[in-house]
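Asker: entry_16.cif (mmCIF, C-alpha atoms and all ligand atoms) pasted underneath:
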```
data_model
#
loop_
_atom_site.label_atom_id
_atom_site.label_comp_id
_atom_site.auth_asym_id
_atom_site.auth_seq_id
_atom_site.Cartn_x
_atom_site.Cartn_y
_atom_site.Cartn_z
CA MET A 63 -152.25 12.76 -60.13
CA HIS A 64 -154.66 15.18 -61.77
CA GLU A 65 -158.20 14.90 -60.34
CA HIS A 66 -159.73 14.45 -63.79
CA ALA A 67 -157.56 11.37 -64.49
CA LYS A 68 -158.44 9.95 -61.08
CA SER A 69 -162.18 10.44 -61.52
CA MET A 70 -162.17 8.96 -65.05
CA LEU A 71 -160.25 5.91 -63.85
CA ALA A 72 -162.41 5.50 -60.73
CA GLN A 73 -165.46 4.97 -62.95
CA GLN A 74 -163.99 1.74 -64.31
CA PHE A 75 -161.31 0.53 -61.90
CA ARG A 76 -160.51 0.32 -58.24
CA VAL A 77 -158.06 3.20 -57.75
CA VAL A 78 -155.38 3.11 -55.06
CA GLU A 79 -153.32 6.25 -54.44
CA ILE A 80 -149.66 5.71 -53.62
CA GLU A 81 -147.27 8.44 -52.48
CA GLU A 82 -143.96 8.51 -54.35
CA GLY A 83 -141.51 6.05 -52.74
CA ARG A 84 -144.18 4.34 -50.60
CA LEU A 85 -145.10 1.44 -52.86
CA ALA A 86 -143.41 -1.06 -50.56
CA GLU A 87 -145.96 -0.15 -47.87
CA LEU A 88 -148.77 -1.84 -49.84
CA THR A 89 -149.60 -5.37 -48.74
CA GLU A 90 -148.59 -8.20 -51.07
CA SER A 91 -152.20 -8.81 -52.12
CA GLU A 92 -152.61 -5.10 -52.91
CA ARG A 93 -149.44 -5.14 -55.03
CA LEU A 94 -150.61 -8.27 -56.88
CA ALA A 95 -153.87 -6.52 -57.74
CA VAL A 96 -152.19 -3.55 -59.48
CA ARG A 97 -152.43 -3.87 -63.27
CA GLY A 98 -152.06 -0.25 -64.35
CA VAL A 99 -150.26 2.83 -63.02
CA ALA A 100 -150.94 6.49 -63.81
CA SER A 101 -147.98 8.57 -62.68
CA HIS A 102 -145.75 11.57 -62.96
CA ALA A 103 -143.27 10.32 -60.40
CA ARG A 104 -140.11 8.27 -60.93
CA ILE A 105 -140.78 4.69 -61.88
CA ASP A 106 -137.66 2.54 -61.82
CA ALA A 107 -136.95 -1.17 -62.22
CA HIS A 108 -137.51 -1.78 -58.49
CA PHE A 109 -140.97 -0.18 -58.67
CA ILE A 110 -141.87 -2.35 -61.68
CA ASP A 111 -140.59 -5.48 -59.94
CA LEU A 112 -142.82 -4.77 -56.94
CA LEU A 113 -145.88 -5.03 -59.18
CA PRO A 114 -145.69 -8.46 -60.87
CA ASN A 115 -149.08 -8.13 -62.63
CA LEU A 116 -148.44 -4.65 -63.99
CA GLU A 117 -149.42 -4.20 -67.66
CA ILE A 118 -149.32 -0.47 -68.31
CA ILE A 119 -147.64 2.70 -66.98
CA ALA A 120 -149.35 5.89 -68.19
CA ASN A 121 -146.96 8.80 -67.71
CA PHE A 122 -148.45 12.25 -67.12
CA GLY A 123 -146.30 14.25 -69.55
CA VAL A 124 -144.81 13.87 -72.99
CA GLY A 125 -141.30 13.62 -71.54
CA TYR A 126 -141.09 10.22 -69.87
CA GLU A 127 -137.48 10.04 -68.70
CA ALA A 128 -138.80 9.45 -65.16
CA VAL A 129 -139.92 5.99 -66.26
CA ASP A 130 -137.42 3.22 -66.92
CA ALA A 131 -139.06 2.46 -70.26
CA ASP A 132 -136.33 -0.01 -71.33
CA TYR A 133 -136.91 -2.14 -68.26
CA ALA A 134 -140.68 -1.86 -68.63
CA HIS A 135 -140.35 -3.02 -72.24
CA LYS A 136 -138.28 -6.03 -71.13
CA LYS A 137 -141.02 -6.91 -68.66
CA ASN A 138 -143.75 -6.49 -71.33
CA VAL A 139 -145.17 -3.46 -69.55
CA VAL A 140 -146.49 -0.81 -71.95
CA VAL A 141 -145.44 2.81 -71.27
CA THR A 142 -147.55 5.69 -72.58
CA ASN A 143 -147.00 9.47 -72.58
CA THR A 144 -149.06 12.56 -73.50
CA PRO A 145 -147.88 13.88 -76.89
CA ASP A 146 -149.76 16.47 -79.03
CA VAL A 147 -152.37 17.57 -76.45
CA LEU A 148 -149.81 19.96 -74.90
CA THR A 149 -147.86 20.96 -78.00
CA GLU A 150 -149.54 24.32 -78.71
CA GLU A 151 -149.61 25.37 -75.03
CA VAL A 152 -145.91 24.67 -74.56
CA ALA A 153 -145.08 26.50 -77.79
CA ASP A 154 -147.13 29.51 -76.57
CA THR A 155 -145.26 29.49 -73.26
CA THR A 156 -141.92 29.30 -75.04
CA VAL A 157 -142.66 32.39 -77.11
CA GLY A 158 -143.89 34.16 -73.97
CA LEU A 159 -140.67 33.34 -72.14
CA LEU A 160 -138.56 34.52 -75.08
CA LEU A 161 -140.47 37.82 -75.25
CA ASN A 162 -140.11 38.23 -71.50
CA VAL A 163 -136.34 37.74 -71.72
CA VAL A 164 -135.69 40.20 -74.55
CA ARG A 165 -138.28 42.85 -73.62
CA GLU A 166 -137.86 42.44 -69.82
CA LEU A 167 -141.61 42.21 -69.10
CA SER A 168 -141.23 40.82 -65.55
CA LYS A 169 -138.62 43.43 -64.64
CA ALA A 170 -140.68 46.25 -66.15
CA GLU A 171 -143.72 45.20 -64.12
CA GLN A 172 -141.63 45.11 -60.95
CA TYR A 173 -140.41 48.60 -61.82
CA LEU A 174 -143.99 49.87 -62.09
CA ARG A 175 -145.17 48.11 -58.92
CA SER A 176 -142.30 49.51 -56.90
CA GLY A 177 -143.33 53.04 -57.87
CA LYS A 178 -140.20 53.85 -59.89
CA TRP A 179 -142.22 54.90 -62.96
CA MET A 180 -143.17 58.05 -61.05
CA ALA A 181 -139.52 59.09 -61.17
CA ALA A 182 -138.56 57.99 -64.70
CA PRO A 183 -139.71 55.79 -67.58
CA TYR A 184 -138.42 52.22 -67.66
CA PRO A 185 -135.04 52.16 -69.43
CA LEU A 186 -134.99 51.05 -73.08
CA THR A 187 -134.26 47.33 -73.34
CA ARG A 188 -130.88 46.40 -74.72
CA LEU A 189 -132.38 43.34 -76.43
CA THR A 190 -135.17 42.94 -78.95
CA LEU A 191 -136.67 40.21 -81.09
CA ARG A 192 -136.11 42.39 -84.14
CA ASP A 193 -133.31 41.13 -86.42
CA ARG A 194 -132.87 37.97 -84.39
CA SER A 195 -132.27 34.56 -85.94
CA ILE A 196 -133.74 31.52 -84.23
CA GLY A 197 -132.12 28.12 -83.75
CA ILE A 198 -134.37 25.33 -82.55
CA TYR A 199 -132.68 22.42 -80.80
CA GLY A 200 -135.18 19.57 -81.29
CA MET A 201 -137.45 19.96 -84.33
CA GLY A 202 -140.11 17.58 -82.96
CA ARG A 203 -143.79 18.27 -82.31
CA ILE A 204 -143.21 21.25 -80.00
CA GLY A 205 -140.14 22.47 -81.91
CA ARG A 206 -142.24 22.72 -85.07
CA ALA A 207 -145.06 24.55 -83.24
CA ILE A 208 -142.52 27.08 -81.89
CA ALA A 209 -141.03 27.50 -85.37
CA ARG A 210 -144.49 28.17 -86.89
CA ARG A 211 -145.09 30.93 -84.34
CA LEU A 212 -141.71 32.59 -84.73
CA GLU A 213 -141.92 32.44 -88.51
CA ALA A 214 -145.05 34.58 -88.16
CA PHE A 215 -142.92 37.06 -86.16
CA GLY A 216 -140.81 37.46 -89.33
CA LEU A 217 -137.75 35.70 -87.92
CA PRO A 218 -135.49 33.26 -89.81
CA ILE A 219 -135.44 29.73 -88.35
CA ALA A 220 -132.79 26.99 -88.42
CA TYR A 221 -132.58 23.76 -86.42
CA HIS A 222 -130.63 20.81 -85.16
CA SER A 223 -131.82 17.34 -84.30
CA ARG A 224 -130.04 14.06 -84.92
CA ARG A 225 -131.35 13.90 -88.46
CA PRO A 226 -133.08 16.32 -90.84
CA VAL A 227 -136.87 16.27 -90.60
CA GLU A 228 -138.62 15.32 -93.82
CA GLY A 229 -140.78 18.10 -95.25
CA ILE A 230 -139.13 20.84 -93.13
CA GLN A 231 -137.52 23.54 -95.22
CA TYR A 232 -135.63 25.42 -92.47
CA PRO A 233 -131.82 25.13 -92.73
CA TYR A 234 -130.53 22.06 -90.86
CA TYR A 235 -127.27 21.97 -88.89
CA GLU A 236 -125.59 18.65 -88.20
CA THR A 237 -124.22 19.72 -84.84
CA LEU A 238 -125.62 21.82 -82.04
CA VAL A 239 -122.49 23.97 -81.91
CA ASP A 240 -122.77 24.73 -85.64
CA LEU A 241 -126.40 25.76 -85.08
CA ALA A 242 -125.43 27.94 -82.10
CA ARG A 243 -122.74 29.63 -84.20
CA ALA A 244 -125.22 30.35 -87.01
CA VAL A 245 -127.95 31.97 -84.86
CA ASP A 246 -128.22 34.38 -81.92
CA THR A 247 -131.27 32.82 -80.22
CA LEU A 248 -131.21 29.17 -79.22
CA ILE A 249 -134.39 27.42 -78.10
CA SER A 250 -133.98 23.99 -76.56
CA ILE A 251 -136.94 21.63 -76.72
CA VAL A 252 -135.24 18.23 -76.72
CA PRO A 253 -136.00 15.47 -74.20
CA GLY A 254 -133.69 14.91 -71.22
CA THR A 255 -131.63 11.85 -72.16
CA ALA A 256 -128.07 10.57 -71.89
CA THR A 257 -127.37 12.03 -75.36
CA THR A 258 -128.77 15.51 -74.65
CA ALA A 259 -127.40 15.90 -71.08
CA ASN A 260 -125.15 18.96 -70.67
CA THR A 261 -125.03 19.55 -74.42
CA ILE A 262 -125.72 23.24 -73.83
CA ASN A 263 -122.37 23.83 -72.22
CA ALA A 264 -119.52 26.37 -72.28
CA GLU A 265 -118.68 25.53 -75.92
CA THR A 266 -122.29 25.90 -77.11
CA LEU A 267 -122.75 29.17 -75.22
CA LYS A 268 -119.51 30.61 -76.59
CA ALA A 269 -120.70 29.71 -80.10
CA LEU A 270 -124.02 31.50 -79.45
CA GLY A 271 -122.09 34.69 -78.70
CA GLY A 272 -122.39 38.00 -76.90
CA ASN A 273 -125.80 38.92 -78.36
CA GLY A 274 -127.00 35.39 -77.64
CA VAL A 275 -130.24 34.43 -75.92
CA LEU A 276 -130.89 30.91 -74.64
CA ILE A 277 -134.36 29.56 -73.88
CA ASN A 278 -134.68 26.11 -72.31
CA MET A 279 -138.19 24.66 -72.37
CA GLY A 280 -137.12 21.00 -72.76
CA ARG A 281 -135.42 19.51 -69.71
CA GLY A 282 -133.04 20.98 -67.11
CA ILE A 283 -130.45 18.26 -67.58
CA VAL A 284 -129.71 19.58 -71.09
CA VAL A 285 -128.09 22.77 -69.77
CA ASP A 286 -124.83 22.83 -67.82
CA GLU A 287 -126.10 25.33 -65.24
CA ARG A 288 -122.67 26.32 -63.95
CA ALA A 289 -121.49 27.09 -67.50
CA LEU A 290 -124.69 29.06 -68.10
CA ALA A 291 -124.25 31.10 -64.91
CA ASP A 292 -120.66 31.90 -65.96
CA ALA A 293 -121.76 32.84 -69.47
CA LEU A 294 -124.49 35.17 -68.17
CA ARG A 295 -122.20 36.76 -65.60
CA THR A 296 -119.31 37.37 -68.00
CA GLY A 297 -121.37 38.44 -71.02
CA THR A 298 -120.46 35.36 -73.09
CA ILE A 299 -124.19 35.41 -73.90
CA ALA A 300 -126.64 38.27 -73.30
CA ALA A 301 -129.60 36.65 -71.53
CA ALA A 302 -131.54 33.46 -70.92
CA GLY A 303 -134.90 32.06 -69.92
CA LEU A 304 -135.32 28.70 -68.21
CA ASP A 305 -138.60 26.90 -67.58
CA VAL A 306 -136.82 23.73 -66.48
CA LEU A 307 -133.91 23.08 -64.12
CA GLN A 308 -131.55 20.21 -63.38
CA SER A 309 -132.79 19.60 -59.84
CA GLU A 310 -136.37 20.91 -59.76
CA PRO A 311 -137.77 22.48 -57.65
CA ASN A 312 -134.34 23.45 -56.28
CA VAL A 313 -132.97 26.59 -57.90
CA PRO A 314 -129.20 27.14 -57.67
CA TYR A 315 -128.38 30.38 -55.88
CA GLU A 316 -125.96 31.39 -58.63
CA LEU A 317 -128.89 31.42 -61.08
CA LEU A 318 -131.27 33.25 -58.72
CA SER A 319 -128.82 36.11 -58.37
CA LEU A 320 -128.55 36.82 -62.12
CA ASP A 321 -130.34 39.84 -63.50
CA ASN A 322 -130.23 38.76 -67.17
CA LEU A 323 -132.06 35.47 -66.52
CA VAL A 324 -135.82 34.84 -66.40
CA LEU A 325 -136.87 31.75 -64.45
CA THR A 326 -140.29 30.07 -64.54
CA PRO A 327 -141.29 27.03 -62.45
CA HIS A 328 -141.83 24.37 -65.17
CA ILE A 329 -145.10 25.86 -66.40
CA GLY A 330 -144.84 24.99 -70.11
CA SER A 331 -148.09 23.01 -70.15
CA ALA A 332 -149.51 24.29 -66.89
CA SER A 333 -152.95 25.66 -67.79
CA GLU A 334 -156.16 24.10 -66.50
CA HIS A 335 -157.19 23.50 -70.12
CA THR A 336 -154.06 21.63 -71.17
CA ARG A 337 -153.49 19.71 -67.95
CA THR A 338 -157.10 18.45 -68.23
CA ARG A 339 -156.41 17.25 -71.81
CA MET A 340 -153.24 15.51 -70.54
CA ALA A 341 -155.18 13.88 -67.69
CA GLU A 342 -157.80 12.64 -70.17
CA LEU A 343 -155.11 11.06 -72.32
CA VAL A 344 -153.48 9.40 -69.30
CA ALA A 345 -156.81 7.84 -68.28
CA ASN A 346 -157.84 6.96 -71.83
CA ASN A 347 -154.57 5.14 -72.43
CA ILE A 348 -155.31 2.88 -69.45
CA ILE A 349 -158.98 2.46 -70.36
CA SER A 350 -158.12 1.65 -73.98
CA TRP A 351 -155.47 -0.86 -72.93
CA PHE A 352 -157.90 -2.84 -70.78
CA GLU A 353 -160.82 -2.52 -73.24
CA THR A 354 -159.04 -3.21 -76.53
CA GLY A 355 -155.54 -4.49 -75.72
CA ALA A 356 -153.97 -1.41 -77.35
CA ALA A 357 -152.85 1.85 -75.76
CA ILE A 358 -153.45 5.16 -77.59
CA THR A 359 -150.00 6.74 -77.29
CA PRO A 360 -147.42 4.10 -76.39
CA VAL A 361 -143.85 5.45 -76.39
CA ARG A 362 -142.66 2.59 -78.61
P1 LIG B 401 -140.67 15.02 -79.86
O1 LIG B 401 -141.72 15.27 -80.88
O2 LIG B 401 -140.23 13.62 -79.60
O3 LIG B 401 -139.40 15.92 -80.25
C1 LIG B 401 -138.15 15.75 -79.68
C2 LIG B 401 -137.11 16.28 -80.65
O4 LIG B 401 -135.83 16.20 -80.04
C3 LIG B 401 -137.04 15.50 -81.95
O5 LIG B 401 -136.89 16.43 -82.99
C4 LIG B 401 -135.77 14.67 -81.80
O6 LIG B 401 -135.22 14.45 -83.07
C5 LIG B 401 -134.90 15.63 -80.97
N1 LIG B 401 -133.85 14.95 -80.25
C6 LIG B 401 -133.95 13.90 -79.40
N2 LIG B 401 -132.73 13.54 -78.97
C7 LIG B 401 -131.84 14.37 -79.56
C8 LIG B 401 -130.41 14.48 -79.53
N3 LIG B 401 -129.66 13.66 -78.79
N4 LIG B 401 -129.84 15.45 -80.26
C9 LIG B 401 -130.58 16.26 -81.04
N5 LIG B 401 -131.93 16.21 -81.11
C10 LIG B 401 -132.54 15.27 -80.38
O7 LIG B 401 -141.12 15.58 -78.45
P2 LIG B 401 -142.01 16.89 -78.13
O8 LIG B 401 -143.42 16.50 -77.96
O9 LIG B 401 -141.66 17.97 -79.09
O10 LIG B 401 -141.42 17.23 -76.66
C11 LIG B 401 -140.06 17.52 -76.52
C12 LIG B 401 -139.65 17.61 -75.06
O11 LIG B 401 -140.12 18.83 -74.49
C13 LIG B 401 -140.21 16.55 -74.10
O12 LIG B 401 -139.50 15.34 -74.18
C14 LIG B 401 -140.08 17.21 -72.75
O13 LIG B 401 -138.81 16.92 -72.19
C15 LIG B 401 -140.14 18.70 -73.08
N6 LIG B 401 -141.39 19.33 -72.57
C16 LIG B 401 -141.29 20.31 -71.64
C17 LIG B 401 -142.46 20.90 -71.17
C18 LIG B 401 -142.42 22.00 -70.14
O14 LIG B 401 -143.41 22.17 -69.43
N7 LIG B 401 -141.34 22.74 -70.02
C19 LIG B 401 -143.70 20.48 -71.62
C20 LIG B 401 -143.75 19.48 -72.57
C21 LIG B 401 -142.58 18.91 -73.05
P3 LIG B 401 -134.26 13.20 -83.41
O15 LIG B 401 -134.81 12.03 -82.64
O16 LIG B 401 -134.35 13.09 -84.89
O17 LIG B 401 -132.92 13.63 -82.96
C1 LIG B 402 -145.50 18.52 -67.33
C2 LIG B 402 -143.74 18.22 -69.18
O1 LIG B 402 -145.32 19.64 -66.52
O2 LIG B 402 -145.05 16.94 -70.65
C3 LIG B 402 -143.93 17.16 -70.18
O3 LIG B 402 -142.91 16.53 -70.55
O4 LIG B 402 -142.67 18.55 -68.83
C4 LIG B 402 -144.92 18.94 -68.63
O5 LIG B 402 -145.97 18.98 -69.54
C5 LIG B 402 -144.98 17.39 -66.54
O6 LIG B 402 -144.70 16.28 -67.25
C6 LIG B 402 -146.00 17.08 -65.46
O7 LIG B 402 -145.42 16.35 -64.49
#
```
Please re-express this file's structure in structure tokens.
Ligand code: NAP
Ligand code: 8YV

Answerer:
Amino acid sequence: MHEHAKSMLAQQFRVVEIEEGRLAELTESERLAVRGVASHARIDAHFIDLLPNLEIIANFGVGYEAVDADYAHKKNVVVTNTPDVLTEEVADTTVGLLLNVVRELSKAEQYLRSGKWMAAPYPLTRLTLRDRSIGIYGMGRIGRAIARRLEAFGLPIAYHSRRPVEGIQYPYYETLVDLARAVDTLISIVPGTATTANTINAETLKALGGNGVLINMGRGIVVDERALADALRTGTIAAAGLDVLQSEPNVPYELLSLDNLVLTPHIGSASEHTRTRMAELVANNIISWFETGAAITPVR
């Protein structure tokens, strides 16, 4: 847990640190004393059952698929997440990753550092942002912040989510495949759920096409990584950028070996500034719950 969350909580509560998977090592009286949990580890039904007096789980992150929120709800345990405070940072990172993919910034820097510039200028990039059309998969808080930025780049935007978003004028596509067919740049910023798992698959990538660029900033589970590797190797799409992977921090070898793929280690919100804001919200949710009986950002 972030130090700032720990120090805020320690001012008002007795804080016990538990390593992931080691809850059962607490004594029964220690487990009975636990009334709130701040976490970014997996919290399943078994974990919740081990803490009979638990009232609140404050998840460090806006995506809270690591917590069994349905079971928590059944047990009257409130689950909170960290929306909004990270939205602009993650949108910034997404645009950075997209620019890196099309203008090859990482590769160009490697070229310079390895001394090759002395021999010849870096080759012109095949891809560009110019004339691209953007499809956003998940027009939620972060999706809208990405759209605002890319609109300022002069690019047309369209989107898919399960329903049109009120007040959003961008063209809406009822299916992800229809969106992929209509654009050449697909940005995924949906949560990792049973309904989004593997939805960016061979069919979606084929629809995106040979000039296609995929950026995944949402969750790794959304992309069928084998299908993506095939698509990048065979030219079904042109390039991709992934900030999230199915089995983090493990990176499949077949992805590591691809030249037209930029990989970043889940850094969407990872600045000191934004992680501190997230930590504050984690702690304030717990503090508010015990002071007022209401959390600030419950997930339901
Ligand atoms: P949000 O406001 O809840 O937006 C989620 C969007 O996804 C909504 O537009 C939702 O619309 C859509 N969606 C959900 N299920 C869908 C489905 N089955 N098919 C189509 N669209 C679907 O959440 P947010 O704050 O923007 O965050 C989005 C996600 O980004 C998080 O859950 C997290 O996984 C990820 N994230 C990643 C990083 C990183 O560091 N890489 C950082 C922060 C967040 P409908 O419900 O109308 O379909
Ligand atoms: C964090 C994220 O890196 O908020 C999210 O959903 O993916 C990121 O902001 C992560 O949750 C921290 O564990």

Asker: Quick one: residues within 12 Å of region 92-100 of chain A, only C-alpha atoms counted, chain neighbours fewer than 6 positions away excluded, as a PyMOL selection string?

Answerer: chain A and resi 63-68+70-72+75-80+82+84-86+109-123+129+139-144+340-352+357

Asker: Using all atoms listed in the file, can you tell me which of A:Leu276, A:Leu160, A:Ile208, A:Val252 comes closest to ligand LIG 402 (chain B)?

Answerer: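 Residue with the minimum atom-to-atom distance to ligand LIG 402 (chain B): A:Val252.
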
Asker: Would you work out the distance separating atom C1 of ligand LIG 401 (chain B) from CA of Gly200 (chain A), expressed in Å to one decimal?

Answerer: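 CA of Gly200 (chain A) lies 5.1 Å from atom C1 of ligand LIG 401 (chain B).
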
Asker: Mind listing the residues within 8 Å of ligand LIG 402 (chain B), all atoms listed in the file counted, as number ranges by chain?

Answerer: A: 102-103, 121-126, 143-145, 148, 152, 253, 280-281, 328-332, 337

Asker: If we count only C-alpha atoms, what is near Gly272 (chain A) at a cut-off of 9 Å, once residues fewer than 6 positions away on the same chain are taken out, given as a PDB file with C-alpha atoms, in the coordinates of the input?

Answerer:
```pdb
ATOM      1  CA  ASP A 246    -128.220  34.380 -81.920  1.00  0.00           C
ATOM      2  CA  GLY A 297    -121.370  38.440 -71.020  1.00  0.00           C
ATOM      3  CA  THR A 298    -120.460  35.360 -73.090  1.00  0.00           C
ATOM      4  CA  ILE A 299    -124.190  35.410 -73.900  1.00  0.00           C
ATOM      5  CA  ALA A 300    -126.640  38.270 -73.300  1.00  0.00           C
TER       6      ALA A 300
END
```

Asker: Here is a test: counting all atoms listed in the file, which residue of A:Val164, A:Ala131, A:Ala256, A:Ala220 is nearest to ligand LIG 401 (chain B)?

Answerer: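 Counting all atoms listed in the file, the residue closest to ligand LIG 401 (chain B) is A:Ala256.
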